[in-house]
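Just protein.cif here, mmCIF, C-alpha atoms:
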```
data_upload
#
loop_
_atom_site.label_atom_id
_atom_site.label_comp_id
_atom_site.auth_asym_id
_atom_site.auth_seq_id
_atom_site.Cartn_x
_atom_site.Cartn_y
_atom_site.Cartn_z
CA MET A 1 -2.04 23.05 133.40
CA GLY A 2 -4.43 24.83 131.05
CA ILE A 3 -5.55 22.84 128.00
CA HIS A 4 -3.61 19.74 126.90
CA GLY A 5 -2.03 20.14 123.47
CA LEU A 6 -3.95 23.29 122.52
CA SER A 7 -0.90 25.21 121.32
CA LYS A 8 -0.08 22.43 118.82
CA VAL A 9 -3.70 22.19 117.68
CA ILE A 10 -3.62 25.92 116.91
CA ALA A 11 -0.24 25.72 115.16
CA ASP A 12 -1.48 22.82 113.00
CA ASN A 13 -4.95 24.15 112.18
CA ALA A 14 -4.82 27.92 112.57
CA PRO A 15 -1.21 29.06 112.01
CA ALA A 16 -2.39 32.55 111.01
CA ALA A 17 -3.52 33.05 114.62
CA LEU A 18 0.07 32.85 115.88
CA LYS A 19 2.50 35.73 115.67
CA GLU A 20 6.00 35.95 117.13
CA VAL A 21 7.17 39.48 117.90
CA PRO A 22 10.12 40.96 119.79
CA ILE A 23 9.05 42.45 123.11
CA LYS A 24 9.86 45.96 121.87
CA ALA A 25 7.13 45.53 119.23
CA CYS A 26 4.59 45.37 122.09
CA PHE A 27 5.25 49.06 122.79
CA GLY A 28 2.13 50.90 123.93
CA ARG A 29 0.18 47.86 125.09
CA LYS A 30 -1.67 47.49 128.36
CA VAL A 31 -1.66 43.83 129.42
CA ALA A 32 -3.42 41.95 132.21
CA VAL A 33 -0.74 39.57 133.51
CA ASP A 34 -1.50 36.32 135.34
CA ALA A 35 0.41 37.04 138.56
CA SER A 36 0.32 33.55 140.05
CA MET A 37 1.69 32.02 136.85
CA SER A 38 4.44 34.65 136.74
CA ILE A 39 5.44 34.11 140.38
CA TYR A 40 5.55 30.35 139.78
CA GLN A 41 7.93 30.96 136.86
CA PHE A 42 10.13 33.23 138.98
CA LEU A 43 10.39 30.64 141.78
CA ILE A 44 11.47 28.02 139.25
CA ALA A 45 13.76 30.11 137.07
CA VAL A 46 15.37 32.81 139.24
CA ARG A 47 18.00 30.77 141.05
CA GLN A 48 21.59 30.62 142.17
CA GLN A 49 24.25 28.87 140.10
CA ASP A 50 23.87 25.76 142.26
CA GLY A 51 20.17 25.55 141.36
CA MET A 52 18.86 26.67 144.74
CA GLN A 53 16.35 29.50 145.07
CA LEU A 54 17.64 32.94 146.01
CA THR A 55 17.46 33.62 149.74
CA ASN A 56 18.48 36.43 152.06
CA GLU A 57 20.58 36.10 155.20
CA ALA A 58 17.51 35.14 157.22
CA GLY A 59 16.91 32.21 154.87
CA GLU A 60 13.78 33.74 153.31
CA THR A 61 13.16 33.00 149.64
CA THR A 62 13.54 36.10 147.45
CA SER A 63 13.41 34.63 143.92
CA HIS A 64 9.81 35.79 143.45
CA LEU A 65 10.63 39.37 144.45
CA MET A 66 13.73 39.46 142.26
CA GLY A 67 11.72 38.24 139.28
CA MET A 68 8.80 40.58 139.93
CA LEU A 69 11.08 43.62 140.22
CA TYR A 70 13.27 43.12 137.17
CA ARG A 71 10.80 41.47 134.77
CA THR A 72 8.18 44.15 135.50
CA ILE A 73 10.70 46.91 134.86
CA ARG A 74 11.68 45.19 131.60
CA MET A 75 8.06 45.40 130.44
CA PHE A 76 7.90 49.12 131.28
CA GLU A 77 11.20 49.74 129.48
CA ASN A 78 9.62 48.22 126.37
CA GLY A 79 6.53 50.41 126.65
CA ILE A 80 4.22 47.76 128.15
CA LYS A 81 1.98 48.70 131.09
CA PRO A 82 1.12 45.57 133.09
CA VAL A 83 -1.73 45.12 135.53
CA TYR A 84 -1.21 41.95 137.56
CA VAL A 85 -4.12 39.66 138.40
CA PHE A 86 -3.91 37.29 141.38
CA ASP A 87 -5.85 34.05 141.79
CA GLY A 88 -8.74 33.94 144.23
CA LYS A 89 -10.43 30.81 145.57
CA PRO A 90 -10.19 27.99 143.02
CA PRO A 91 -13.50 26.56 141.79
CA ASP A 92 -14.64 23.36 143.48
CA MET A 93 -14.33 21.54 140.16
CA LYS A 94 -10.58 22.11 140.26
CA SER A 95 -10.12 20.11 143.48
CA ASN A 96 -9.24 16.85 141.71
CA GLU A 97 -6.63 18.57 139.58
CA LEU A 98 -5.11 20.23 142.67
CA LYS A 99 -4.96 16.85 144.42
CA LYS A 100 -3.12 15.36 141.44
CA ARG A 101 -0.62 18.21 141.54
CA GLY A 102 -0.12 17.65 145.28
CA VAL A 103 0.65 13.97 144.73
CA LYS A 104 3.15 14.83 141.98
CA ARG A 105 4.77 17.42 144.25
CA GLU A 106 5.16 14.87 147.05
CA GLY A 107 6.80 12.45 144.63
CA ALA A 108 9.17 15.16 143.45
CA GLU A 109 10.08 16.04 147.04
CA LYS A 110 11.03 12.40 147.75
CA ALA A 111 13.03 12.18 144.53
CA ALA A 112 14.84 15.45 145.30
CA ALA A 113 15.70 14.24 148.82
CA ALA A 114 17.07 10.95 147.45
CA ALA A 115 19.14 12.80 144.83
CA GLU A 116 20.56 15.14 147.49
CA GLU A 117 21.51 12.17 149.66
CA THR A 118 23.44 10.54 146.83
CA GLY A 119 24.99 13.80 145.63
CA ASP A 120 23.17 13.66 142.29
CA THR A 121 23.09 17.41 141.63
CA GLU A 122 21.46 17.14 138.19
CA ASN A 123 18.44 15.19 139.43
CA PHE A 124 18.26 17.24 142.61
CA ASP A 125 17.96 20.41 140.55
CA LYS A 126 15.37 18.83 138.25
CA PHE A 127 13.12 17.46 140.99
CA SER A 128 13.48 20.41 143.36
CA ARG A 129 12.01 22.68 140.69
CA ARG A 130 8.97 20.38 140.53
CA THR A 131 8.30 20.93 144.24
CA VAL A 132 7.62 24.65 143.76
CA LYS A 133 4.30 25.96 145.02
CA VAL A 134 3.17 29.58 145.14
CA THR A 135 2.11 30.40 148.70
CA LYS A 136 0.01 33.19 150.20
CA GLU A 137 3.24 34.70 151.54
CA HIS A 138 4.74 34.81 148.03
CA ASN A 139 1.61 36.55 146.74
CA ASP A 140 1.52 39.02 149.63
CA ASP A 141 5.21 39.87 149.16
CA CYS A 142 4.64 40.63 145.48
CA LYS A 143 1.48 42.65 146.11
CA LYS A 144 3.40 44.84 148.56
CA LEU A 145 6.23 45.35 146.07
CA LEU A 146 3.85 46.13 143.19
CA LYS A 147 2.02 48.73 145.27
CA LEU A 148 5.31 50.44 146.13
CA MET A 149 6.31 50.35 142.45
CA GLY A 150 3.02 52.03 141.48
CA VAL A 151 1.91 49.01 139.46
CA PRO A 152 -1.80 48.10 139.76
CA TYR A 153 -2.95 44.65 140.72
CA ILE A 154 -6.34 42.96 140.97
CA GLU A 155 -7.43 40.14 143.24
CA ALA A 156 -9.71 37.90 141.19
CA PRO A 157 -12.61 36.21 142.98
CA CYS A 158 -11.61 32.94 141.32
CA GLU A 159 -9.32 32.09 138.38
CA ALA A 160 -6.79 34.79 137.44
CA GLU A 161 -6.75 33.87 133.74
CA ALA A 162 -10.54 34.29 133.58
CA GLN A 163 -10.25 37.77 135.10
CA CYS A 164 -7.44 38.62 132.65
CA ALA A 165 -9.70 37.53 129.80
CA ILE A 166 -12.61 39.74 130.92
CA LEU A 167 -10.29 42.76 131.16
CA ALA A 168 -9.14 42.14 127.58
CA LYS A 169 -12.68 41.51 126.30
CA SER A 170 -13.84 44.79 127.84
CA GLY A 171 -11.04 46.79 126.23
CA LYS A 172 -9.44 47.86 129.52
CA VAL A 173 -6.29 46.11 128.31
CA TYR A 174 -5.11 44.94 124.90
CA ALA A 175 -4.38 41.34 125.88
CA ALA A 176 -4.07 38.78 128.63
CA GLY A 177 -0.51 37.74 129.49
CA SER A 178 -0.20 34.11 130.63
CA GLU A 179 1.35 30.78 129.75
CA ASP A 180 -1.97 29.03 130.45
CA MET A 181 -3.73 28.30 127.16
CA ASP A 182 -7.14 28.14 128.86
CA THR A 183 -7.02 31.94 128.92
CA LEU A 184 -8.20 31.61 125.30
CA THR A 185 -10.97 29.24 126.40
CA PHE A 186 -12.13 31.95 128.81
CA GLY A 187 -12.41 34.23 125.78
CA THR A 188 -9.48 36.65 125.74
CA PRO A 189 -9.33 38.24 122.26
CA VAL A 190 -5.51 38.16 122.39
CA LEU A 191 -3.21 35.97 124.49
CA MET A 192 0.42 37.05 124.93
CA ARG A 193 2.88 34.39 126.05
CA HIS A 194 6.53 34.68 127.24
CA LEU A 195 6.05 38.27 128.47
CA THR A 196 7.76 37.63 131.80
CA PHE A 197 10.59 35.46 130.46
CA SER A 198 14.11 36.69 131.15
CA GLU A 199 15.84 38.83 128.55
CA ALA A 200 18.72 36.35 128.50
CA ARG A 201 16.48 33.66 126.97
CA LYS A 202 15.95 35.78 123.84
CA MET A 203 12.42 34.39 123.51
CA PRO A 204 10.02 36.42 121.38
CA VAL A 205 6.57 37.21 122.67
CA VAL A 206 3.94 34.98 121.09
CA GLU A 207 0.59 36.61 120.32
CA ILE A 208 -2.42 34.37 119.69
CA GLU A 209 -5.56 35.97 118.28
CA LEU A 210 -8.76 34.14 119.22
CA ALA A 211 -10.80 35.25 116.20
CA LYS A 212 -8.20 33.76 113.87
CA VAL A 213 -8.06 30.56 115.96
CA LEU A 214 -11.81 30.11 115.47
CA GLU A 215 -11.51 30.95 111.79
CA GLY A 216 -8.72 28.46 111.22
CA LEU A 217 -10.49 25.70 113.13
CA GLU A 218 -13.82 26.61 111.47
CA MET A 219 -15.52 26.56 114.87
CA THR A 220 -17.79 28.77 116.93
CA MET A 221 -16.71 29.77 120.43
CA ASP A 222 -19.01 27.16 121.97
CA GLN A 223 -17.50 24.46 119.77
CA PHE A 224 -14.01 25.64 120.69
CA ILE A 225 -14.86 25.33 124.40
CA ASP A 226 -16.14 21.77 123.88
CA MET A 227 -12.98 20.90 121.96
CA CYS A 228 -10.86 22.21 124.85
CA ILE A 229 -12.78 20.01 127.28
CA LEU A 230 -12.12 17.00 125.03
CA LEU A 231 -8.42 17.88 124.90
CA GLY A 232 -8.28 17.96 128.71
CA CYS A 233 -8.75 20.86 131.11
CA ASP A 234 -8.38 21.55 134.85
CA TYR A 235 -12.02 20.92 135.68
CA CYS A 236 -12.75 17.39 134.55
CA ASP A 237 -11.19 14.33 132.96
CA SER A 238 -11.33 13.76 129.21
CA ILE A 239 -12.34 10.68 127.21
CA LYS A 240 -9.45 8.20 127.18
CA GLY A 241 -8.18 7.38 123.73
CA ILE A 242 -9.32 10.65 122.18
CA GLY A 243 -6.22 12.59 121.19
CA PRO A 244 -5.95 16.13 119.81
CA THR A 245 -6.47 15.22 116.14
CA ARG A 246 -9.55 13.12 116.91
CA ALA A 247 -10.94 15.78 119.26
CA VAL A 248 -10.78 18.39 116.50
CA SER A 249 -12.41 16.10 113.91
CA LEU A 250 -15.16 14.99 116.32
CA ILE A 251 -16.16 18.57 117.12
CA LYS A 252 -16.09 19.53 113.44
CA GLU A 253 -18.32 16.59 112.58
CA HIS A 254 -20.74 16.57 115.53
CA LYS A 255 -20.51 20.19 116.79
CA ASN A 256 -20.90 19.42 120.53
CA ILE A 257 -20.05 16.86 123.21
CA GLU A 258 -23.66 15.66 123.61
CA THR A 259 -23.83 14.48 119.98
CA ILE A 260 -20.33 13.03 120.19
CA LEU A 261 -21.38 10.88 123.17
CA GLU A 262 -24.39 9.65 121.21
CA LYS A 263 -22.31 8.64 118.18
CA LEU A 264 -19.10 7.44 119.85
CA ASP A 265 -18.47 3.74 120.55
CA SER A 266 -18.79 3.83 124.35
CA LYS A 267 -17.08 0.46 124.75
CA LYS A 268 -14.00 1.59 122.86
CA TYR A 269 -14.07 5.17 124.16
CA PRO A 270 -15.85 5.19 127.53
CA ALA A 271 -16.61 8.62 128.94
CA PRO A 272 -15.66 9.24 132.59
CA GLU A 273 -18.36 8.19 135.03
CA ASP A 274 -20.70 11.08 135.91
CA TRP A 275 -18.65 13.24 133.56
CA PRO A 276 -19.25 16.91 134.53
CA TYR A 277 -18.40 18.34 131.12
CA GLN A 278 -21.51 20.56 131.17
CA ALA A 279 -20.42 22.21 134.42
CA ALA A 280 -16.91 22.68 132.99
CA ARG A 281 -18.45 24.25 129.90
CA GLU A 282 -20.34 26.75 132.06
CA LEU A 283 -17.16 27.64 133.98
CA PHE A 284 -15.57 28.68 130.70
CA ARG A 285 -18.68 30.42 129.38
CA ALA A 286 -19.55 32.34 132.55
CA PRO A 287 -16.61 32.32 135.00
CA ASN A 288 -16.70 33.96 138.40
CA VAL A 289 -15.05 37.33 137.72
CA THR A 290 -15.32 40.95 138.78
CA LYS A 291 -16.96 43.04 136.05
CA ALA A 292 -14.42 45.17 134.23
CA GLU A 293 -16.43 48.36 134.74
CA GLU A 294 -16.15 47.87 138.50
CA LEU A 295 -12.36 47.93 138.38
CA ASP A 296 -10.32 51.12 138.47
CA VAL A 297 -6.90 50.39 137.01
CA LYS A 298 -4.33 53.14 137.54
CA TRP A 299 -0.55 53.30 137.27
CA GLU A 300 1.05 55.52 139.92
CA ALA A 301 4.49 57.03 140.48
CA PRO A 302 6.83 54.59 142.22
CA ASP A 303 7.75 55.15 145.86
CA GLU A 304 11.54 54.84 145.64
CA GLU A 305 12.18 55.13 149.37
CA GLY A 306 9.36 52.69 150.10
CA VAL A 307 10.83 50.12 147.71
CA VAL A 308 14.28 50.56 149.26
CA ALA A 309 12.90 50.22 152.79
CA TYR A 310 11.11 47.01 151.82
CA LEU A 311 13.63 45.25 149.58
CA VAL A 312 16.80 46.47 151.30
CA GLY A 313 15.64 46.99 154.88
CA GLU A 314 13.33 43.98 155.18
CA LYS A 315 14.51 41.56 152.48
CA GLY A 316 18.26 42.14 152.37
CA PHE A 317 18.65 43.29 148.76
CA ASN A 318 21.61 45.36 147.61
CA GLU A 319 20.67 49.06 147.88
CA ASP A 320 22.65 50.31 144.88
CA ARG A 321 21.02 47.77 142.59
CA VAL A 322 17.54 48.43 143.93
CA ARG A 323 17.90 52.20 143.48
CA SER A 324 19.27 51.69 139.98
CA ALA A 325 16.29 49.51 139.12
CA ILE A 326 13.76 52.01 140.44
CA GLN A 327 15.44 54.83 138.54
CA LYS A 328 14.87 52.83 135.36
CA LEU A 329 11.19 52.54 136.28
CA ILE A 330 10.94 56.28 136.99
CA LYS A 331 12.61 57.04 133.66
CA THR A 332 9.91 55.10 131.78
CA ARG A 333 7.29 57.46 133.25
CA THR A 334 9.12 60.63 132.21
CA GLY A 335 10.28 59.55 128.76
CA THR A 336 8.40 59.32 125.47
CA THR A 337 6.59 56.08 126.33
CA GLN A 338 3.73 57.59 128.27
CA GLY A 339 2.69 60.07 125.58
CA ARG A 340 2.29 57.41 122.90
CA LEU A 341 0.36 54.77 124.82
CA GLY A 342 -3.13 55.93 123.83
CA ASP A 343 -2.44 55.33 120.15
CA TYR A 344 -2.25 51.60 120.72
CA PHE A 345 -5.14 50.81 123.04
CA LYS A 346 -7.49 49.35 120.46
CA PRO A 347 -8.86 45.97 121.60
CA VAL A 348 -9.31 43.22 119.07
CA GLU A 349 -12.99 42.75 118.30
CA LYS A 350 -14.77 40.02 120.23
CA PRO A 351 -15.11 36.94 117.99
CA ALA A 352 -18.55 36.43 116.49
CA GLY A 353 -20.67 33.41 117.31
CA SER A 354 -20.06 31.89 113.89
CA THR A 355 -16.94 31.65 111.79
CA SER A 356 -16.16 32.74 108.26
CA ALA A 357 -16.18 30.10 105.57
CA ALA A 358 -12.87 31.40 104.29
CA LYS A 359 -9.89 29.67 105.83
CA ARG A 360 -6.47 31.22 105.45
CA LYS A 361 -3.35 29.14 105.64
CA MET A 362 0.17 30.39 106.21
CA ASP A 363 3.40 29.07 107.66
CA ALA A 364 3.83 29.63 111.37
CA LYS A 365 6.99 29.57 113.40
CA ALA A 366 6.87 27.21 116.29
CA ALA A 367 6.08 29.13 119.27
CA SER A 368 13.12 29.01 133.14
CA GLY A 369 14.80 32.40 132.77
CA SER A 370 18.48 32.42 133.40
CA ALA A 371 19.44 31.91 136.96
CA LYS A 372 20.46 34.93 138.96
CA LYS A 373 23.44 34.88 141.23
CA LYS A 374 22.96 35.15 144.96
CA GLY A 375 25.09 37.24 147.25
CA GLY A 376 26.83 40.56 146.63
CA SER A 377 25.22 41.09 143.22
CA PHE A 378 21.67 41.44 144.49
CA MET A 379 21.62 40.95 148.24
CA LYS A 380 23.36 43.00 150.92
CA LYS A 381 27.06 42.50 151.35
CA LYS A 382 27.98 41.10 154.72
#
```
Reformat the file's structure so that it appears as structure tokens.
Amino acid sequence: MGIHGLSKVIADNAPAALKEVPIKACFGRKVAVDASMSIYQFLIAVRQQDGMQLTNEAGETTSHLMGMLYRTIRMFENGIKPVYVFDGKPPDMKSNELKKRGVKREGAEKAAAAAEETGDTENFDKFSRRTVKVTKEHNDDCKKLLKLMGVPYIEAPCEAEAQCAILAKSGKVYAAGSEDMDTLTFGTPVLMRHLTFSEARKMPVVEIELAKVLEGLEMTMDQFIDMCILLGCDYCDSIKGIGPTRAVSLIKEHKNIETILEKLDSKKYPAPEDWPYQAARELFRAPNVTKAEELDVKWEAPDEEGVVAYLVGEKGFNEDRVRSAIQKLIKTRTGTTQGRLGDYFKPVEKPAGSTSAAKRKMDAKAASGSAKKKGGSFMKKK
């Protein structure tokens, strides 16, 4: 889920922090990509024309592998070197949010079954996409493929977006790549969105620079974290009746949640009982991550025969297409891309504890890939 309404808050109050760029303009960047978020997108978006997920002859889902293969190669072709970060054990404070998601998924499953029974293909497609859940098997499949492709991945001890943020803050990568806006709350200097969208969608990459967000909002990082908690995050409920505009104004006026609770009319705006906002604050300030200096991130040469053995031999992909894809990946390592990468690896400075009084205003453009066909195009011909 991330942070409710944060993208609009930034667009309204700090438009200079947002920048839309074509993916080719990201040439030379190393990016820590939220793997679980990407796989979730692939499972939703990479589908057959009838809306069903791609499967092989054994009935195994292959949408995640198809997405991981082709979207990763697209990044390399545009000079981007991704390192994927997988979720670890979710924090205990996220249990309520996960329960809510489970309930919603169950409701979607019932709605999809009812639509299928009545032949309502439109609603079946809509609700079946809401039943998607990334499993351990999906993650393991993608880890195996990435290793064979020579693409590094990291297993975070907890939240992937927090680990992505620490990699960007340390300078190991230029930015964190995720659709989850709480990656900013974890402190990534730059957040890149839409990196793993399909080329067919023609969506530009959106870069959000944290220092400019804080400048536009006229907030410190601590105040920004408190504002995100008021907006609504994965770790605790928010105060009912406090929308985005009010949340921004309350933080600007009172600086922190403690003072807001003292001044707010508790009858009109009751805070959740035993509200653990302080614990949520600490999760954002000091998340459970592996220190960047302990991580050795290396990109290796792809194992073409290993990829073929896995995707064709085990998963039923079409061999010609797989070999063609891997040749594209190999070409990115032998072309001009590799020699120029070092020129671009300059991390954005970590935002200071206080913000500048100057506030710049400028117009900002408003920040499921196309379905893939099943059968002879990608999978083995019978």
On this structure, the PyMOL selection byres ((chain A and resi 34) around 7) would catch which residues? List them as a PDB file with C-alpha atoms, keeping the file's coordinate frame, sorted by chain and number.
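Saved result, result.pdb, follows:
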```
ATOM      1  CA  ALA A  32      -3.420  41.950 132.210  1.00  0.00           C
ATOM      2  CA  VAL A  33      -0.740  39.570 133.510  1.00  0.00           C
ATOM      3  CA  ALA A  35       0.410  37.040 138.560  1.00  0.00           C
ATOM      4  CA  SER A  36       0.320  33.550 140.050  1.00  0.00           C
ATOM      5  CA  MET A  37       1.690  32.020 136.850  1.00  0.00           C
ATOM      6  CA  SER A  38       4.440  34.650 136.740  1.00  0.00           C
ATOM      7  CA  TYR A  84      -1.210  41.950 137.560  1.00  0.00           C
ATOM      8  CA  VAL A  85      -4.120  39.660 138.400  1.00  0.00           C
ATOM      9  CA  PHE A  86      -3.910  37.290 141.380  1.00  0.00           C
ATOM     10  CA  ALA A 160      -6.790  34.790 137.440  1.00  0.00           C
ATOM     11  CA  GLU A 161      -6.750  33.870 133.740  1.00  0.00           C
ATOM     12  CA  CYS A 164      -7.440  38.620 132.650  1.00  0.00           C
ATOM     13  CA  GLY A 177      -0.510  37.740 129.490  1.00  0.00           C
ATOM     14  CA  SER A 178      -0.200  34.110 130.630  1.00  0.00           C
TER      15      SER A 178
END
```
Go through A:His4, A:Lys19, A:Arg71, A:Arg29 and flag the residue nearest Pro204 in chain A, using all atoms listed in the file for the distances.
->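 The closest residue to Pro204 in chain A is A:Lys19.
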Could you please determine the separation between CA of Lys144 in chain A and CA of Lys315 in chain A in Å, to one decimal place?
-> 12.2 Å
Give the answer as one residue: which of A:Ser198, A:Pro91, A:Val206, A:Arg74 has the shortest atom-to-atom distance to Ala11 in chain A, using all atoms listed in the file?
->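 Closest candidate: A:Val206.
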Could you check which of A:Leu18, A:Ile229, A:Ala211, A:Ile239 is closest to Arg281 in chain A, using all atoms listed in the file?
->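 Closest to Arg281 in chain A of all the choices is A:Ile229.
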Name the residues that the PyMOL selection byres ((chain A and resi 226) around 8) pulls out of this structure, and write them as a ChimeraX atom specification.
-> /A:222-225,227-230,251,256-257,281
Residue nearest Asp140 in chain A among A:Val289, A:Ile39, A:Leu184, A:Met219 (counting all atoms listed in the file) = A:Ile39
If you count only C-alpha atoms, which residues fall within 12 Å of Leu69 in chain A, apart from same-chain ones fewer than 6 positions away, as a ChimeraX atom specification?
-> /A:38-39,42,46,62-63,75-76,141-151,196,198,302,307-308,311,317,321-326,328-329,378
Take the residues that were just selected and, keeping C-alpha atoms, output them as a PDB file, keeping the file's coordinate frame.
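out-v5.pdb, freshly written:
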```pdb
ATOM      1  CA  SER A  38       4.440  34.650 136.740  1.00  0.00           C
ATOM      2  CA  ILE A  39       5.440  34.110 140.380  1.00  0.00           C
ATOM      3  CA  PHE A  42      10.130  33.230 138.980  1.00  0.00           C
ATOM      4  CA  VAL A  46      15.370  32.810 139.240  1.00  0.00           C
ATOM      5  CA  THR A  62      13.540  36.100 147.450  1.00  0.00           C
ATOM      6  CA  SER A  63      13.410  34.630 143.920  1.00  0.00           C
ATOM      7  CA  MET A  75       8.060  45.400 130.440  1.00  0.00           C
ATOM      8  CA  PHE A  76       7.900  49.120 131.280  1.00  0.00           C
ATOM      9  CA  ASP A 141       5.210  39.870 149.160  1.00  0.00           C
ATOM     10  CA  CYS A 142       4.640  40.630 145.480  1.00  0.00           C
ATOM     11  CA  LYS A 143       1.480  42.650 146.110  1.00  0.00           C
ATOM     12  CA  LYS A 144       3.400  44.840 148.560  1.00  0.00           C
ATOM     13  CA  LEU A 145       6.230  45.350 146.070  1.00  0.00           C
ATOM     14  CA  LEU A 146       3.850  46.130 143.190  1.00  0.00           C
ATOM     15  CA  LYS A 147       2.020  48.730 145.270  1.00  0.00           C
ATOM     16  CA  LEU A 148       5.310  50.440 146.130  1.00  0.00           C
ATOM     17  CA  MET A 149       6.310  50.350 142.450  1.00  0.00           C
ATOM     18  CA  GLY A 150       3.020  52.030 141.480  1.00  0.00           C
ATOM     19  CA  VAL A 151       1.910  49.010 139.460  1.00  0.00           C
ATOM     20  CA  THR A 196       7.760  37.630 131.800  1.00  0.00           C
ATOM     21  CA  SER A 198      14.110  36.690 131.150  1.00  0.00           C
ATOM     22  CA  PRO A 302       6.830  54.590 142.220  1.00  0.00           C
ATOM     23  CA  VAL A 307      10.830  50.120 147.710  1.00  0.00           C
ATOM     24  CA  VAL A 308      14.280  50.560 149.260  1.00  0.00           C
ATOM     25  CA  LEU A 311      13.630  45.250 149.580  1.00  0.00           C
ATOM     26  CA  PHE A 317      18.650  43.290 148.760  1.00  0.00           C
ATOM     27  CA  ARG A 321      21.020  47.770 142.590  1.00  0.00           C
ATOM     28  CA  VAL A 322      17.540  48.430 143.930  1.00  0.00           C
ATOM     29  CA  ARG A 323      17.900  52.200 143.480  1.00  0.00           C
ATOM     30  CA  SER A 324      19.270  51.690 139.980  1.00  0.00           C
ATOM     31  CA  ALA A 325      16.290  49.510 139.120  1.00  0.00           C
ATOM     32  CA  ILE A 326      13.760  52.010 140.440  1.00  0.00           C
ATOM     33  CA  LYS A 328      14.870  52.830 135.360  1.00  0.00           C
ATOM     34  CA  LEU A 329      11.190  52.540 136.280  1.00  0.00           C
ATOM     35  CA  PHE A 378      21.670  41.440 144.490  1.00  0.00           C
TER      36      PHE A 378
END
```
Expansion of the PyMOL selection byres ((chain A and resi 88) around 9) into residues, as a list in words |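 Evaluating the PyMOL selection byres ((chain A and resi 88) around 9) on these coordinates yields Phe86, Asp87, Lys89, Pro90, Glu155, Ala156, Pro157, Cys158, Glu159 and Ala160 of chain A.
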Provide the CA of Ile10 in chain A to CA of Glu218 in chain A distance in Å, to one decimal place.
->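 Between CA of Ile10 in chain A and CA of Glu218 in chain A the gap works out to 11.6 Å.
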Using only C-alpha atoms, pick whichever of A:Ser7, A:Gln163, A:Glu209, A:Lys268 has the shortest atom-to-atom distance to Glu179 in chain A.
->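 Under the stated criterion, the closest residue is A:Ser7.
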Closest to Val21 in chain A among A:Glu207, A:Asp237, A:Glu137, A:Asp180, using all atoms listed in the file?
->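 Closest to Val21 in chain A, using all atoms listed in the file: A:Glu207.
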Between CA of Asn78 in chain A and CA of Ala16 in chain A - distance in Å to one decimal =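 Going from CA of Ala16 in chain A over to CA of Asn78 in chain A covers 25.0 Å.
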Please identify all polymer residues lying at most 12 Å from the point (6.5, 56.7, 134.4) (file coordinates), using all atoms listed in the file, and present the result as a PyMOL selection string.
-> chain A and resi 73+76-77+79-81+149-151+298-303+326-339+341
Select, counting only C-alpha atoms, all protein, DNA and RNA residues no farther than 10 Å from (-11.4, 33.4, 126.8) in file coordinates, and express the selection as a VMD selection string.
-> chain A and resid 161 to 166 168 to 169 176 181 to 191 210 221 225 284 to 285 287 350
